[in-house]
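Asker: Just one file: my_file-v9.txt, with compact mmCIF, C-alpha atoms.
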# COMPACT_ATOMS: atom_id res chain seq x y z
CA MET A 1 -42.78 -24.19 49.82
CA ARG A 2 -44.09 -27.47 50.54
CA SER A 3 -45.89 -28.38 48.15
CA LEU A 4 -45.29 -25.98 48.47
CA ASP A 5 -45.67 -27.84 47.82
CA SER A 6 -44.82 -28.97 48.58
CA ALA A 7 -46.84 -32.28 47.51
CA GLY A 8 -46.09 -31.07 51.06
CA ALA A 9 -44.07 -31.46 54.13
CA ALA A 10 -42.41 -34.53 52.62
CA GLU A 11 -40.81 -37.38 54.47
CA PRO A 12 -37.28 -38.06 53.25
CA PRO A 13 -36.60 -41.63 52.19
CA GLU A 14 -35.09 -44.19 54.49
CA SER A 15 -32.67 -45.42 51.89
CA GLY A 16 -29.17 -44.04 51.52
CA PRO A 17 -27.88 -41.69 48.84
CA PRO A 18 -27.75 -42.77 45.21
CA GLU A 19 -24.68 -44.33 43.76
CA LEU A 20 -23.89 -41.47 41.43
CA PRO A 21 -22.17 -38.41 42.83
CA PRO A 22 -24.67 -35.64 43.47
CA ASP A 23 -23.53 -33.44 40.59
CA CYS A 24 -24.32 -36.22 38.16
CA ALA A 25 -27.93 -36.64 39.28
CA LEU A 26 -30.87 -34.87 37.74
CA SER A 27 -33.12 -32.74 39.93
CA ASP A 28 -36.86 -32.53 39.50
CA ALA A 29 -39.35 -29.70 39.82
CA SER A 30 -42.22 -30.98 41.86
CA GLU A 31 -43.76 -30.87 45.32
CA GLU A 32 -41.79 -32.32 48.20
CA PRO A 33 -42.90 -35.99 48.06
CA ALA A 34 -41.12 -36.29 44.73
CA ALA A 35 -37.82 -35.71 46.47
CA ALA A 36 -38.13 -39.16 48.00
CA GLU A 37 -38.19 -40.63 44.51
CA VAL A 38 -35.18 -38.65 43.35
CA ALA A 39 -33.15 -39.68 46.35
CA GLY A 40 -34.03 -43.31 45.90
CA ALA A 41 -33.46 -43.43 42.14
CA ARG A 42 -30.15 -44.78 40.94
CA ALA A 43 -29.38 -43.14 37.66
CA PRO A 44 -27.46 -45.19 35.14
CA GLY A 45 -24.19 -44.01 33.72
CA ARG A 46 -20.58 -43.46 34.58
CA CYS A 47 -18.95 -41.45 37.31
CA CYS A 48 -18.51 -37.86 36.19
CA LEU A 49 -15.31 -37.53 38.23
CA CYS A 50 -13.24 -40.54 37.23
CA SER A 51 -14.94 -41.58 33.94
CA SER A 52 -15.57 -45.08 35.26
CA SER A 53 -18.64 -46.84 36.53
CA PRO A 54 -20.21 -45.23 39.63
CA CYS A 55 -17.73 -45.48 42.46
CA GLY A 56 -18.10 -44.90 46.16
CA TRP A 57 -14.62 -43.36 46.44
CA CYS A 58 -15.53 -40.33 44.36
CA GLU A 59 -18.82 -39.91 46.16
CA ALA A 60 -17.13 -40.10 49.56
CA LYS A 61 -14.50 -37.63 48.43
CA LYS A 62 -17.15 -35.13 47.38
CA LYS A 63 -18.98 -35.57 50.68
CA ALA A 64 -15.83 -35.04 52.69
CA SER A 65 -14.98 -31.85 50.80
CA CYS A 66 -17.88 -29.98 52.47
CA PRO A 67 -19.44 -31.90 55.38
CA GLY A 68 -22.28 -29.45 56.08
CA LEU A 69 -23.30 -28.83 52.48
CA GLY A 70 -26.36 -31.12 52.61
CA LEU A 71 -27.70 -29.42 55.72
CA PHE A 72 -27.10 -26.00 54.16
CA TYR A 73 -29.08 -27.10 51.09
CA THR A 74 -31.89 -28.23 53.39
CA LEU A 75 -31.91 -24.90 55.21
CA LEU A 76 -31.96 -23.02 51.92
CA SER A 77 -34.77 -25.25 50.68
CA ALA A 78 -36.81 -24.56 53.82
CA PHE A 79 -36.29 -20.82 53.34
CA LEU A 80 -37.38 -20.91 49.68
CA PHE A 81 -40.47 -22.99 50.43
CA SER A 82 -41.40 -20.61 53.26
CA VAL A 83 -41.00 -17.56 51.03
CA GLY A 84 -43.22 -19.26 48.45
CA SER A 85 -45.82 -19.85 51.17
CA LEU A 86 -45.57 -16.18 52.10
CA PHE A 87 -46.35 -15.19 48.50
CA VAL A 88 -49.38 -17.51 48.49
CA LYS A 89 -50.59 -15.73 51.61
CA LYS A 90 -49.92 -12.32 50.04
CA VAL A 91 -51.91 -12.95 46.85
CA GLN A 92 -55.21 -11.12 47.30
CA ASP A 93 -57.47 -11.66 44.28
CA VAL A 94 -56.56 -15.19 43.16
CA HIS A 95 -58.24 -18.33 44.50
CA ALA A 96 -56.02 -21.06 45.94
CA VAL A 97 -57.14 -23.47 43.22
CA GLU A 98 -56.10 -21.01 40.53
CA ILE A 99 -52.69 -20.60 42.15
CA SER A 100 -52.36 -24.39 42.02
CA ALA A 101 -53.23 -24.34 38.32
CA PHE A 102 -50.53 -21.76 37.58
CA ARG A 103 -48.00 -23.87 39.48
CA CYS A 104 -48.96 -26.97 37.47
CA ILE A 105 -48.48 -25.04 34.22
CA PHE A 106 -45.09 -23.78 35.40
CA GLN A 107 -43.97 -27.30 36.30
CA MET A 108 -45.27 -28.71 33.03
CA VAL A 109 -42.92 -26.41 31.12
CA VAL A 110 -40.02 -27.90 33.10
CA ILE A 111 -41.09 -31.56 33.06
CA ILE A 112 -41.89 -32.04 29.35
CA PRO A 113 -38.29 -31.44 28.15
CA CYS A 114 -37.03 -33.76 30.90
CA LEU A 115 -39.33 -36.58 29.76
CA ILE A 116 -38.32 -36.09 26.12
CA TYR A 117 -34.64 -36.10 27.03
CA ARG A 118 -34.94 -39.26 29.16
CA LYS A 119 -37.16 -41.00 26.55
CA THR A 120 -39.44 -42.44 29.23
CA GLY A 121 -42.71 -41.71 27.43
CA PHE A 122 -45.79 -40.05 28.90
CA ILE A 123 -47.90 -43.06 29.96
CA GLY A 124 -45.73 -45.40 32.00
CA PRO A 125 -45.75 -49.17 32.60
CA LYS A 126 -49.19 -50.74 32.34
CA ALA A 127 -48.97 -52.38 35.77
CA GLN A 128 -48.16 -49.06 37.46
CA ARG A 129 -50.68 -46.76 35.76
CA ILE A 130 -53.30 -47.11 38.47
CA PHE A 131 -50.73 -46.08 41.07
CA LEU A 132 -49.59 -43.20 38.88
CA LEU A 133 -53.18 -42.00 38.60
CA LEU A 134 -53.64 -42.23 42.36
CA ARG A 135 -50.34 -40.47 42.96
CA GLY A 136 -51.34 -37.63 40.64
CA THR A 137 -54.82 -37.29 42.10
CA LEU A 138 -53.79 -37.33 45.76
CA GLY A 139 -50.62 -35.27 45.27
CA SER A 140 -52.40 -32.47 43.42
CA ALA A 141 -55.26 -32.50 45.94
CA ALA A 142 -52.68 -32.08 48.70
CA MET A 143 -51.23 -29.06 46.91
CA ILE A 144 -54.65 -27.40 46.49
CA LEU A 145 -55.53 -27.97 50.14
CA LEU A 146 -52.18 -26.56 51.24
CA TYR A 147 -52.65 -23.33 49.30
CA TYR A 148 -56.19 -22.96 50.63
CA ALA A 149 -54.90 -23.48 54.17
CA PHE A 150 -52.33 -20.71 53.69
CA GLN A 151 -55.05 -18.33 52.55
CA ALA A 152 -57.65 -19.30 55.17
CA THR A 153 -55.57 -19.44 58.33
CA SER A 154 -52.29 -18.07 59.67
CA LEU A 155 -49.01 -19.00 58.03
CA ALA A 156 -47.63 -20.53 61.22
CA ASP A 157 -50.73 -22.63 61.99
CA ALA A 158 -50.95 -24.06 58.46
CA THR A 159 -47.23 -24.86 58.33
CA VAL A 160 -47.20 -26.56 61.72
CA ILE A 161 -50.22 -28.76 60.95
CA THR A 162 -48.75 -29.91 57.64
CA PHE A 163 -45.71 -31.16 59.57
CA SER A 164 -47.88 -33.94 60.99
CA SER A 165 -47.62 -35.70 57.61
CA PRO A 166 -44.81 -38.13 58.66
CA VAL A 167 -47.06 -39.46 61.43
CA PHE A 168 -49.80 -40.27 58.93
CA THR A 169 -47.20 -41.80 56.61
CA SER A 170 -46.17 -44.31 59.29
CA LEU A 171 -49.81 -45.16 59.95
CA PHE A 172 -50.73 -45.66 56.28
CA ALA A 173 -47.53 -47.62 55.63
CA TRP A 174 -48.57 -49.97 58.44
CA ILE A 175 -52.07 -50.36 56.97
CA PHE A 176 -51.28 -50.66 53.26
CA LEU A 177 -47.64 -51.80 53.10
CA LYS A 178 -47.63 -53.94 56.26
CA GLU A 179 -44.68 -52.01 57.66
CA LYS A 180 -44.00 -52.20 61.38
CA TYR A 181 -45.95 -49.76 63.59
CA SER A 182 -44.48 -49.63 67.08
CA LEU A 183 -45.44 -48.01 70.35
CA TRP A 184 -43.04 -45.19 69.50
CA ASP A 185 -45.04 -44.48 66.35
CA ALA A 186 -48.23 -44.40 68.41
CA LEU A 187 -46.60 -41.96 70.83
CA PHE A 188 -45.51 -39.68 67.98
CA THR A 189 -49.06 -39.82 66.59
CA LEU A 190 -50.44 -38.78 69.98
CA PHE A 191 -48.01 -35.85 70.13
CA ALA A 192 -49.05 -34.70 66.65
CA ILE A 193 -52.77 -34.91 67.47
CA THR A 194 -52.19 -32.95 70.68
CA GLY A 195 -50.36 -30.24 68.73
CA VAL A 196 -53.16 -29.94 66.18
CA ILE A 197 -55.76 -29.68 68.96
CA LEU A 198 -53.80 -26.86 70.62
CA ILE A 199 -53.73 -24.98 67.32
CA VAL A 200 -57.38 -25.56 66.41
CA ARG A 201 -58.67 -24.93 69.95
CA PRO A 202 -62.11 -26.49 69.42
CA PRO A 203 -64.82 -24.72 71.48
CA PHE A 204 -66.01 -27.94 73.13
CA LEU A 205 -62.57 -28.17 74.79
CA PHE A 206 -61.51 -24.54 75.10
CA GLY A 207 -64.89 -22.83 75.46
CA SER A 208 -65.98 -19.90 73.31
CA ASN A 209 -62.71 -18.00 73.78
CA THR A 210 -61.16 -17.84 70.30
CA THR A 211 -59.37 -14.53 70.71
CA ARG A 212 -56.27 -13.75 68.64
CA ILE A 213 -57.28 -16.26 65.97
CA GLU A 214 -56.74 -14.74 62.54
CA GLY A 215 -60.04 -13.66 60.97
CA ASN A 216 -63.31 -15.48 61.45
CA TYR A 217 -63.11 -18.68 63.50
CA SER A 218 -65.14 -20.68 60.97
CA VAL A 219 -62.71 -19.68 58.22
CA HIS A 220 -59.80 -20.58 60.52
CA LEU A 221 -61.42 -23.96 61.07
CA LYS A 222 -61.77 -24.54 57.32
CA GLY A 223 -58.10 -23.68 56.84
CA THR A 224 -57.15 -26.05 59.65
CA PHE A 225 -59.07 -28.94 58.12
CA ALA A 226 -57.50 -28.13 54.75
CA ALA A 227 -54.03 -28.33 56.34
CA ILE A 228 -54.93 -31.67 57.96
CA GLY A 229 -56.25 -32.88 54.59
CA HIS A 230 -52.96 -31.88 52.98
CA ALA A 231 -51.01 -33.86 55.60
CA VAL A 232 -53.18 -36.94 55.00
CA PHE A 233 -53.02 -36.77 51.19
CA ALA A 234 -49.27 -36.07 51.21
CA ALA A 235 -48.78 -39.12 53.44
CA LEU A 236 -50.86 -41.29 51.09
CA THR A 237 -48.81 -39.97 48.17
CA LEU A 238 -45.59 -41.06 49.86
CA VAL A 239 -47.03 -44.51 50.54
CA ILE A 240 -47.91 -44.84 46.85
CA LEU A 241 -44.39 -43.74 45.88
CA ARG A 242 -42.97 -46.42 48.19
CA LYS A 243 -45.29 -48.98 46.62
CA MET A 244 -44.10 -48.12 43.10
CA GLY A 245 -40.47 -48.01 44.21
CA LYS A 246 -37.98 -47.55 41.38
CA SER A 247 -40.10 -49.21 38.72
CA VAL A 248 -41.35 -45.80 37.52
CA ASP A 249 -39.18 -42.89 36.48
CA TYR A 250 -39.66 -40.07 38.96
CA PHE A 251 -40.16 -37.51 36.18
CA LEU A 252 -43.05 -39.60 34.88
CA SER A 253 -44.58 -39.59 38.36
CA ILE A 254 -44.32 -35.80 38.44
CA TRP A 255 -45.87 -35.64 34.97
CA TYR A 256 -48.99 -37.44 36.21
CA TYR A 257 -49.10 -35.08 39.19
CA VAL A 258 -48.94 -32.02 36.93
CA ILE A 259 -51.47 -33.19 34.34
CA ILE A 260 -54.05 -34.52 36.79
CA GLY A 261 -53.52 -31.51 39.04
CA LEU A 262 -54.23 -29.11 36.17
CA LEU A 263 -57.38 -31.05 35.25
CA GLU A 264 -58.52 -30.99 38.88
CA CYS A 265 -57.95 -27.25 39.10
CA VAL A 266 -59.82 -26.51 35.85
CA ILE A 267 -62.82 -28.61 36.93
CA VAL A 268 -62.97 -27.07 40.41
CA LEU A 269 -62.58 -23.53 39.05
CA PHE A 270 -65.35 -24.19 36.53
CA ILE A 271 -67.67 -25.41 39.30
CA LEU A 272 -66.82 -22.53 41.65
CA GLY A 273 -66.78 -19.92 38.89
CA GLU A 274 -63.61 -18.45 40.39
CA TRP A 275 -61.38 -18.34 37.31
CA ALA A 276 -60.04 -14.83 36.75
CA LEU A 277 -56.69 -13.40 35.78
CA PRO A 278 -55.18 -11.33 38.60
CA TYR A 279 -56.04 -7.67 38.26
CA CYS A 280 -53.00 -6.45 40.15
CA GLY A 281 -49.56 -6.61 38.58
CA LEU A 282 -48.11 -7.48 41.97
CA ASP A 283 -50.30 -10.60 42.18
CA ARG A 284 -49.03 -11.69 38.76
CA LEU A 285 -45.47 -11.27 40.01
CA PHE A 286 -46.31 -13.33 43.10
CA LEU A 287 -47.66 -16.16 40.92
CA ILE A 288 -44.39 -16.29 38.98
CA LEU A 289 -42.34 -16.17 42.18
CA ILE A 290 -44.42 -18.97 43.74
CA GLY A 291 -43.39 -21.23 40.87
CA LEU A 292 -39.75 -20.12 40.92
CA PHE A 293 -39.29 -20.44 44.68
CA GLY A 294 -41.11 -23.77 44.71
CA LEU A 295 -38.82 -25.05 41.97
CA GLY A 296 -35.71 -23.74 43.71
CA GLY A 297 -36.76 -25.22 47.04
CA GLN A 298 -37.35 -28.60 45.45
CA VAL A 299 -33.99 -28.59 43.67
CA PHE A 300 -32.07 -27.83 46.86
CA LEU A 301 -34.09 -30.37 48.86
CA THR A 302 -33.33 -33.01 46.23
CA LYS A 303 -29.62 -32.20 46.32
CA ALA A 304 -29.64 -32.30 50.12
CA ILE A 305 -31.19 -35.78 50.19
CA GLN A 306 -28.66 -36.98 47.63
CA ILE A 307 -25.59 -36.02 49.67
CA GLU A 308 -26.84 -36.19 53.26
CA LYS A 309 -28.48 -38.86 55.41
CA ALA A 310 -32.26 -38.75 55.66
CA GLY A 311 -32.37 -38.20 59.44
CA PRO A 312 -30.43 -34.90 59.60
CA VAL A 313 -32.33 -33.61 56.56
CA ALA A 314 -35.69 -34.35 58.20
CA ILE A 315 -34.60 -32.59 61.39
CA MET A 316 -33.30 -29.54 59.53
CA LYS A 317 -36.60 -29.39 57.61
CA THR A 318 -38.26 -28.26 60.85
CA MET A 319 -36.77 -24.85 60.07
CA ASP A 320 -39.87 -24.42 57.89
CA VAL A 321 -41.79 -23.84 61.11
CA VAL A 322 -39.26 -21.27 62.36
CA PHE A 323 -39.41 -19.32 59.10
CA ALA A 324 -43.22 -19.45 59.13
CA PHE A 325 -43.33 -17.92 62.62
CA LEU A 326 -40.80 -15.24 61.66
CA PHE A 327 -42.61 -14.30 58.44
CA GLN A 328 -45.96 -14.17 60.24
CA ILE A 329 -44.55 -11.72 62.80
CA ILE A 330 -42.54 -9.59 60.35
CA PHE A 331 -44.89 -9.33 57.36
CA PHE A 332 -48.33 -9.68 59.00
CA ASN A 333 -47.58 -8.22 62.43
CA ASP A 334 -49.31 -11.28 63.89
CA MET A 335 -47.75 -12.59 67.07
CA PRO A 336 -48.53 -16.33 67.51
CA THR A 337 -50.34 -17.29 70.70
CA TRP A 338 -48.83 -19.56 73.31
CA TRP A 339 -51.35 -22.20 72.23
CA THR A 340 -49.87 -22.12 68.74
CA VAL A 341 -46.33 -22.26 70.10
CA GLY A 342 -47.22 -25.24 72.30
CA GLY A 343 -48.89 -26.98 69.37
CA ALA A 344 -45.87 -26.31 67.19
CA LEU A 345 -43.55 -27.84 69.78
CA CYS A 346 -45.72 -30.97 69.96
CA VAL A 347 -45.89 -31.43 66.18
CA VAL A 348 -42.19 -30.68 65.63
CA ALA A 349 -41.26 -33.06 68.46
CA SER A 350 -43.42 -35.73 66.82
CA SER A 351 -41.95 -35.37 63.32
CA THR A 352 -38.39 -35.00 64.66
CA GLY A 353 -38.77 -38.04 66.90
CA ALA A 354 -40.07 -40.11 64.00
CA ALA A 355 -37.16 -38.98 61.82
CA ILE A 356 -34.55 -39.76 64.48
CA ARG A 357 -36.06 -43.20 65.10
CA LYS A 358 -36.03 -44.11 61.41
CA TRP A 359 -32.51 -42.74 61.09
CA CYS A 360 -31.34 -44.96 63.93
CA GLN A 361 -33.13 -47.99 62.44
CA SER A 362 -31.55 -47.43 59.02
CA SER A 363 -28.09 -47.08 60.60
CA LYS A 364 -28.21 -50.53 62.21
In structure tokens, what does this structure look like?

Answerer:
Amino acid sequence: MRSLDSAGAAEPPESGPPELPPDCALSDASEEPAAAEVAGARAPGRCCLCSSSPCGWCEAKKKASCPGLGLFYTLLSAFLFSVGSLFVKKVQDVHAVEISAFRCIFQMVVIIPCLIYRKTGFIGPKAQRIFLLLRGTLGSAAMILLYYAFQATSLADATVITFSSPVFTSLFAWIFLKEKYSLWDALFTLFAITGVILIVRPPFLFGSNTTRIEGNYSVHLKGTFAAIGHAVFAALTLVILRKMGKSVDYFLSIWYYVIIGLLECVIVLFILGEWALPYCGLDRLFLILIGLFGLGGQVFLTKAIQIEKAGPVAIMKTMDVVFAFLFQIIFFNDMPTWWTVGGALCVVASSTGAAIRKWCQSSK
């Protein structure tokens, strides 16, 4: 799941792997943007293989022992996130905001022991608290919108639209971080917008023909805008993480995401009056599995980024879209339209092109 959470589909960091060998690094349990922090963090300590300070020889030796391991971890992560998304879609009597609240509680159980063990505290550096608050607010909002999108529109449509997040990340990084925004970035943005339009099929462009769109078109439209909102908020979250850099422990960043996300969910549920424990035992099982598969997907994505270059990982992450199409056909007997397929190709081409370009730039 991308935020499933995936805080979304997340953009892997441009920096290389950490100095410690992968087995020495700690993995987190958060939405996908947090993986960028884990990959970029350089944990202190000694090499767990040769009992000396972190050495490149041991890391290279571990990499060489299984060249495709990082890509396999990425594929497994994509599968677990997609299965989590399927469970979100399958839950019948639980609002998307309530599902988000259960996920925050599940992650809180994992994060608190990690913070106590690392002795980082629960507040963070004074100069970074405003960014931590923004990261928590935007990241949790992205998660809520993603779950609502899964419930309101088809699994394939929601997944494809969320893959436009890297395009927004480049744009916001240009605006707020003064990073370079080239003609290639503009072209990738155009491809992503074209893909979203093909999926949404607005009546003023495609007429009143909205056949084979899952459910009511107005509900489909709400789900589409929720998916776009997730992509935007996930991109802003990544920009904030880049701004903070390594000055904040990544577990502390996840802690803010969990706490603020739970508060957001409680407030929204109170306003909507939607809070209710699931009546069906199967829905309760789905809620547990959503947390477990989200955690497992994040762990494997983190490990993949630690031992593999960012470019191949970002390209392999497009398997999320393939799994979404397969699950939609197998479990919902819903064959995607050619419009959706065309939109998916545009969005995937956009995100893959952006990943390849950044990979080439970082290799120079």

Asker: Find, counting all atoms listed in the file, the residue in A:Gly245, A:Gly195, A:Pro125, A:Gly281 that gets nearest to Gly342 (chain A).

Answerer: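 With all atoms listed in the file as the atom set, the closest residue is A:Gly195.
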
Asker: Given the choices A:Leu155, A:Ile99, A:Ala78, A:Leu133, which gets closest to Ile254 (chain A) if the distance is worked out from all atoms listed in the file?

Answerer: A:Leu133

Asker: Just checking: using all atoms listed in the file, which residue out of A:Ala158, A:Ala276, A:Ile356, A:Leu326 ends up closest to Ala344 (chain A)?

Answerer: A:Ala158

Asker: Around (-48.4, -49.3, 54.9) in the file's frame, which residues reach within 12 Å when counting all atoms listed in the file? Return as an NGL selection string?

Answerer: :A and (167-181 or 235-243)

Asker: Report, in Å with one decimal, the straight-line distance from CA of Glu98 (chain A) to CA of Leu132 (chain A).

Answerer: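 These atoms are spaced 23.2 Å apart.
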
Asker: Would you kindly identify which residues have an atom no farther than 12 Å from (-31.3, -23.2, 53.5), using only C-alpha atoms and the file's own coordinates, and write them out as a PyMOL selection string?

Answerer: chain A and resi 68-83+296-301+303-304+313+316-320+323

Asker: For each of A:Ala324, A:Tyr148, A:Ile307, A:Arg357, take the minimum atom-to-atom distance to Cys66 (chain A), counting all atoms listed in the file, then give the residue where this is smallest.

Answerer: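 Of the candidates, the smallest distance to Cys66 (chain A) is held by A:Ile307.
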
Asker: Choose the residue, out of A:Trp359, A:Phe270, A:Tyr250, A:Phe293, that has the smallest atom-to-atom separation from Ile111 (chain A); count only C-alpha atoms.

Answerer: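 For Ile111 (chain A), the nearest of the candidates is A:Tyr250.
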
Asker: One number please: CA of Pro336 (chain A) to CA of Val200 (chain A), in Å, one decimal.

Answerer: 12.8 Å

Asker: Mind working out the centre and edge lengths of an axis-aligned box for region 304-319 of chain A, all listed atoms inside, 3 Å added to each side, rounded to one decimal in Å and written as JSON?

Answerer:
{"center_x": -31.9, "center_y": -31.9, "center_z": 54.5, "size_x": 18.7, "size_y": 20.0, "size_z": 19.8}

Asker: What does the distance between CA of Ser253 (chain A) and CA of Ser165 (chain A) come to in Å, to one decimal place?

Answerer: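 Those two atoms sit 19.9 Å apart.
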
Asker: Considering all atoms listed in the file, return as a PyMOL selection string whatever protein or nucleic-acid residues lie within 12 Å of Leu187 (chain A), sequence-local ones (same chain, fewer than 4 positions apart) excluded.

Answerer: chain A and resi 167+170-171+181-183+191-194+346-347+349-351+353-354

Asker: Under the rule that all atoms listed in the file are counted, which of A:Ala314, A:Ala231, A:Ile305, A:Val91 is the nearest residue to Ala141 (chain A)?

Answerer: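 So, comparing all the options, the nearest one is A:Ala231.
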
Asker: Reconstruct all heavy atoms of region 143-151 of chain A from the incomplete input and present them as a compact mmCIF listing (two decimals), in the frame of the given file.

Answerer:
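So result-v6.txt came out as:
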# COMPACT_ATOMS: atom_id res chain seq x y z
N MET A 143 -51.72 -30.39 47.23
CA MET A 143 -51.23 -29.06 46.91
C MET A 143 -52.35 -28.02 47.00
O MET A 143 -52.17 -26.94 47.58
CB MET A 143 -50.64 -29.05 45.51
CG MET A 143 -50.22 -27.68 45.01
SD MET A 143 -49.65 -27.69 43.29
CE MET A 143 -51.14 -28.24 42.44
N ILE A 144 -53.52 -28.33 46.45
CA ILE A 144 -54.65 -27.40 46.49
C ILE A 144 -55.06 -27.11 47.92
O ILE A 144 -55.29 -25.95 48.31
CB ILE A 144 -55.83 -27.97 45.68
CG1 ILE A 144 -55.48 -28.06 44.20
CG2 ILE A 144 -57.08 -27.11 45.87
CD1 ILE A 144 -56.51 -28.80 43.36
N LEU A 145 -55.15 -28.15 48.74
CA LEU A 145 -55.53 -27.97 50.14
C LEU A 145 -54.50 -27.13 50.90
O LEU A 145 -54.85 -26.32 51.76
CB LEU A 145 -55.72 -29.33 50.81
CG LEU A 145 -56.94 -30.13 50.37
CD1 LEU A 145 -56.89 -31.54 50.95
CD2 LEU A 145 -58.23 -29.43 50.79
N LEU A 146 -53.22 -27.33 50.57
CA LEU A 146 -52.18 -26.56 51.24
C LEU A 146 -52.31 -25.08 50.94
O LEU A 146 -52.24 -24.23 51.84
CB LEU A 146 -50.81 -27.08 50.81
CG LEU A 146 -49.61 -26.33 51.38
CD1 LEU A 146 -49.53 -26.51 52.89
CD2 LEU A 146 -48.32 -26.78 50.72
N TYR A 147 -52.52 -24.74 49.68
CA TYR A 147 -52.65 -23.33 49.30
C TYR A 147 -53.89 -22.71 49.93
O TYR A 147 -53.87 -21.54 50.34
CB TYR A 147 -52.69 -23.20 47.78
CG TYR A 147 -51.36 -23.42 47.11
CD1 TYR A 147 -51.23 -23.43 45.73
CD2 TYR A 147 -50.20 -23.62 47.86
CE1 TYR A 147 -50.01 -23.62 45.11
CE2 TYR A 147 -48.98 -23.81 47.26
CZ TYR A 147 -48.88 -23.82 45.89
OH TYR A 147 -47.67 -24.02 45.29
N TYR A 148 -54.97 -23.49 49.98
CA TYR A 148 -56.19 -22.96 50.63
C TYR A 148 -55.94 -22.73 52.11
O TYR A 148 -56.40 -21.74 52.68
CB TYR A 148 -57.36 -23.93 50.44
CG TYR A 148 -58.63 -23.44 51.11
CD1 TYR A 148 -59.43 -22.48 50.50
CD2 TYR A 148 -59.02 -23.92 52.36
CE1 TYR A 148 -60.58 -22.02 51.10
CE2 TYR A 148 -60.16 -23.47 52.98
CZ TYR A 148 -60.94 -22.51 52.34
OH TYR A 148 -62.07 -22.04 52.96
N ALA A 149 -55.21 -23.63 52.75
CA ALA A 149 -54.90 -23.48 54.17
C ALA A 149 -54.09 -22.21 54.42
O ALA A 149 -54.33 -21.48 55.38
CB ALA A 149 -54.15 -24.70 54.69
N PHE A 150 -53.13 -21.93 53.54
CA PHE A 150 -52.33 -20.71 53.69
C PHE A 150 -53.19 -19.46 53.59
O PHE A 150 -52.93 -18.46 54.28
CB PHE A 150 -51.22 -20.66 52.64
CG PHE A 150 -50.06 -21.57 52.94
CD1 PHE A 150 -49.45 -22.29 51.93
CD2 PHE A 150 -49.58 -21.71 54.23
CE1 PHE A 150 -48.38 -23.12 52.20
CE2 PHE A 150 -48.51 -22.55 54.51
CZ PHE A 150 -47.91 -23.26 53.49
N GLN A 151 -54.20 -19.50 52.72
CA GLN A 151 -55.05 -18.33 52.55
C GLN A 151 -56.10 -18.20 53.65
O GLN A 151 -56.51 -17.09 53.98
CB GLN A 151 -55.75 -18.38 51.18
CG GLN A 151 -54.81 -18.16 50.01
CD GLN A 151 -55.55 -18.02 48.69
OE1 GLN A 151 -56.68 -18.50 48.54
NE2 GLN A 151 -54.93 -17.37 47.73
